[in-house]
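A.B. asks: Once you've had a glance at the structure underneath, I'll fire off some questions.
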Amino acid sequence: MGECPDAEVPPSPLAGLKVLDLSRVLAAPWATQILGDLGAEVLKVEQPGKGDDTRGWGPPFLEDGSARPDAAYYLCANRNKRSLAIDFSRPQGAALVRRLAEDADILVENFRTGGLAKYGLDAASLLPLNPRLIYCSITGFGQTGPYAERGGYDFLIQGMSGLMSVTGRPEGDAGEGPVKVGLPVSDLFTGLYATTAILAALNHRHATGEGQHIDCALLDSQVALLVNQAMNFLVGGEVPKRLGNAHPNVVPYRDFAASDDYVLVTCGSDGQFRALCALLGRDDLAADPRFATNAGRLRDRRVLEVELARAIAPWRAADLLAAMAKAGVPGGPINSIDQVLADPQVAAREMLRAMRRDDGTEVTVIGYPGRLSRSPASYRLAPPRLGQDTHAVLSAALGMEEAEIEALRAAGVIATAEPCPQRREAERTA
């Protein structure tokens, strides 16, 4: 498991950029976490007393001895951020956020379309104050169109986008019916698209000095991700249907039952198919003119897959996968989450990273997957406690005096976290 050392690390690619994060839940926090992993300073503004909704989306919770520990869901998308608890529904709080926005490079928010205008925190209000600001709005349906004012959630988008119509067991099979993907993919991919758009806008600003407003919608992102299924319809005119674990264009490319477990067979070429037939002792299938090309295998899918299933059934899964690897036939197991997190390949790639919160609580996170040889991602800050950095940021970034900060805290405009035990001890002995 990769550790997060205190030793100096190479400069990160986005070091020096300031991100103001007004978002919560997943799509937008996923985008800002990526920016933070790549070195940006991310200030996460949260509601005092509650914080990001996902702090309470448990169990499981990270047991840290506090009365309100944070849920695992929150921890997955909020490292490399500092938490400020500011109530911007109040004029004084909105004024603080505007001051922070004037010095920010990027602002990311995921309120309903028009939801921040009443606080003077929408793009139309902030871009005149900071023309270099890149303001990214992430919503369910975008800033325009007949659904613009609706709220959007991952499950809803998976259904409306057509994704669920091609996910699940086919009609006539046991367990037939549409099924959502086991991860909130519409949220996650929207966060990825938003990050790409932000980086593109940064390059535009580098060339022109101009900031801009980015309008990123969950529905748009998931429609874009219909990829080959949508193109199959646009080109062929046939509405794609659910195929279970089978592929709409490539055969054989699905799961098969071995004697003790399931295996995945993913032949992407005629040569790989012939190699599979050889190791199964079914050269007759490779020689059959019906199956010589992928087009033929797709046309006669049912006949071929029945024969392959019969040939695979006597094998032990581990033995078959070892033989496939030796023969150059792509395939693999269906791992459970605990199995993949313990996989030697995952360990070798240091995908698990151990971090420590400011109160000393250890938390393991899943790392950033991109490997940059000159300016790698870094793991500087564990997911923060609510309001952990309010005082420090208002003091350092806005130059506010202690009395002013205390007055805001007493009025309920801001909240500050209790100092962690380690910090209190350091201050006591300093």
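Letters A, B, ... go to the chains of the structure tokens in the order shown; residues in each chain start at 1; ligands are counted from 1 in the same order.
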Can you pull out every residue from segment 214-344 of chain A that DSSP, working from the backbone, puts in alpha helix (DSSP H), and format the result as a PyMOL selection string?

C.D. replies: chain A and resi 218-224+227-236+270-279+283-287+294-299+301-312+317-327+337-341+344

A.B. asks: As a list in words, which residues of segment 169-295 of chain A does DSSP assign to strand (DSSP E or B)?

C.D. replies: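 So, restricting segment 169-295 of chain A to strand (DSSP E or B), we get Arg169, Glu176, Gln212, His213, Ile214, Asp215, Cys216, Ala217, Tyr253, Arg254, Asp255, Phe256, Ala257, Tyr262, Val263, Leu264, Val265 and Thr266 of chain A.
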
A.B. asks: Considering only C-alpha atoms, state which residue in the set A:Asn80, A:Asp215, A:Thr266, A:Leu243 is at the smallest distance from Arg356 of chain A.

C.D. replies: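 That would be A:Asn80, the residue with the smallest distance to Arg356 of chain A.
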
A.B. asks: Between A:Leu276, A:Leu225, A:Ala313, A:Val166, which is the closest to Lys241 of chain A once you count only C-alpha atoms?

C.D. replies: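 Residue with the minimum atom-to-atom distance to Lys241 of chain A: A:Val166.
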
A.B. asks: What is the atom CA of His213 of chain A-atom CA of Thr390 of chain A distance in Å, reported with one decimal?

C.D. replies: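 Value for the atom CA of His213 of chain A-atom CA of Thr390 of chain A distance: 26.9 Å.
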
A.B. asks: Looking at only C-alpha atoms, which of A:Gly36, A:Pro170, A:Gly271, A:Pro248 is the one that sits closest to Ser378 of chain A?

C.D. replies: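 That would be A:Gly36, the residue with the smallest distance to Ser378 of chain A.
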
A.B. asks: So what do you get for atom CA of Thr196 of chain A versus atom CA of Gln33 of chain A, distance-wise?

C.D. replies: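 Between atom CA of Thr196 of chain A and atom CA of Gln33 of chain A the gap works out to 13.1 Å.
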
A.B. asks: Could you pull the residues within 12 Å of segment 365-375 of chain A, counting only C-alpha atoms, minus those fewer than 2 positions along the same chain, as a PyMOL selection string?

C.D. replies: chain A and resi 1-4+9-15+30-31+33-39+72-80+340-341+346-347+349-357+362-363+377-383

A.B. asks: Which is closest to Leu386 of chain A among A:Met400, A:Ala85, A:Ala407, A:Val181, if we use only C-alpha atoms?

C.D. replies: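 For Leu386 of chain A, the nearest of the candidates is A:Ala85.
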
A.B. asks: Residues at most 6 Å from segment 330-337 of chain A, counting only C-alpha atoms, excluding those fewer than 5 positions away in the same chain, as a list in words?

C.D. replies: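 That gives Val263, Leu264, Val265 and Thr266 of chain A.
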
A.B. asks: State, in Å with one decimal place, the distance from atom CA of Lys18 of chain A to atom CA of Ala104 of chain A.

C.D. replies: 5.0 Å

A.B. asks: With a distance cut-off of 8 Å and only C-alpha atoms, select the neighbouring residues of Ile198 of chain A, excluding the residue or stretch itself and same-chain residues fewer than 2 positions from it, and output the selection as an MDAnalysis selection string.

C.D. replies: chainID A and resid 106 134 136 194:196 200:202 214

A.B. asks: Go ahead and write the selection's residues with C-alpha atoms as an mmCIF file, in the first residue's frame.

C.D. replies:
```cif
data_model
loop_
_atom_site.group_PDB
_atom_site.id
_atom_site.type_symbol
_atom_site.label_atom_id
_atom_site.label_comp_id
_atom_site.auth_asym_id
_atom_site.auth_seq_id
_atom_site.Cartn_x
_atom_site.Cartn_y
_atom_site.Cartn_z
ATOM 1 C CA ILE A 106 -11.638 28.039 -11.025
ATOM 2 C CA ILE A 134 -13.294 29.644 -15.051
ATOM 3 C CA CYS A 136 -18.018 25.411 -14.076
ATOM 4 C CA ALA A 194 -16.079 18.645 -16.393
ATOM 5 C CA THR A 195 -12.397 18.262 -15.513
ATOM 6 C CA THR A 196 -11.465 17.973 -19.189
ATOM 7 C CA ALA A 200 -9.366 23.154 -21.899
ATOM 8 C CA ALA A 201 -10.646 26.458 -20.520
ATOM 9 C CA LEU A 202 -7.358 26.949 -18.680
ATOM 10 C CA ILE A 214 -18.716 25.903 -18.508
#
```
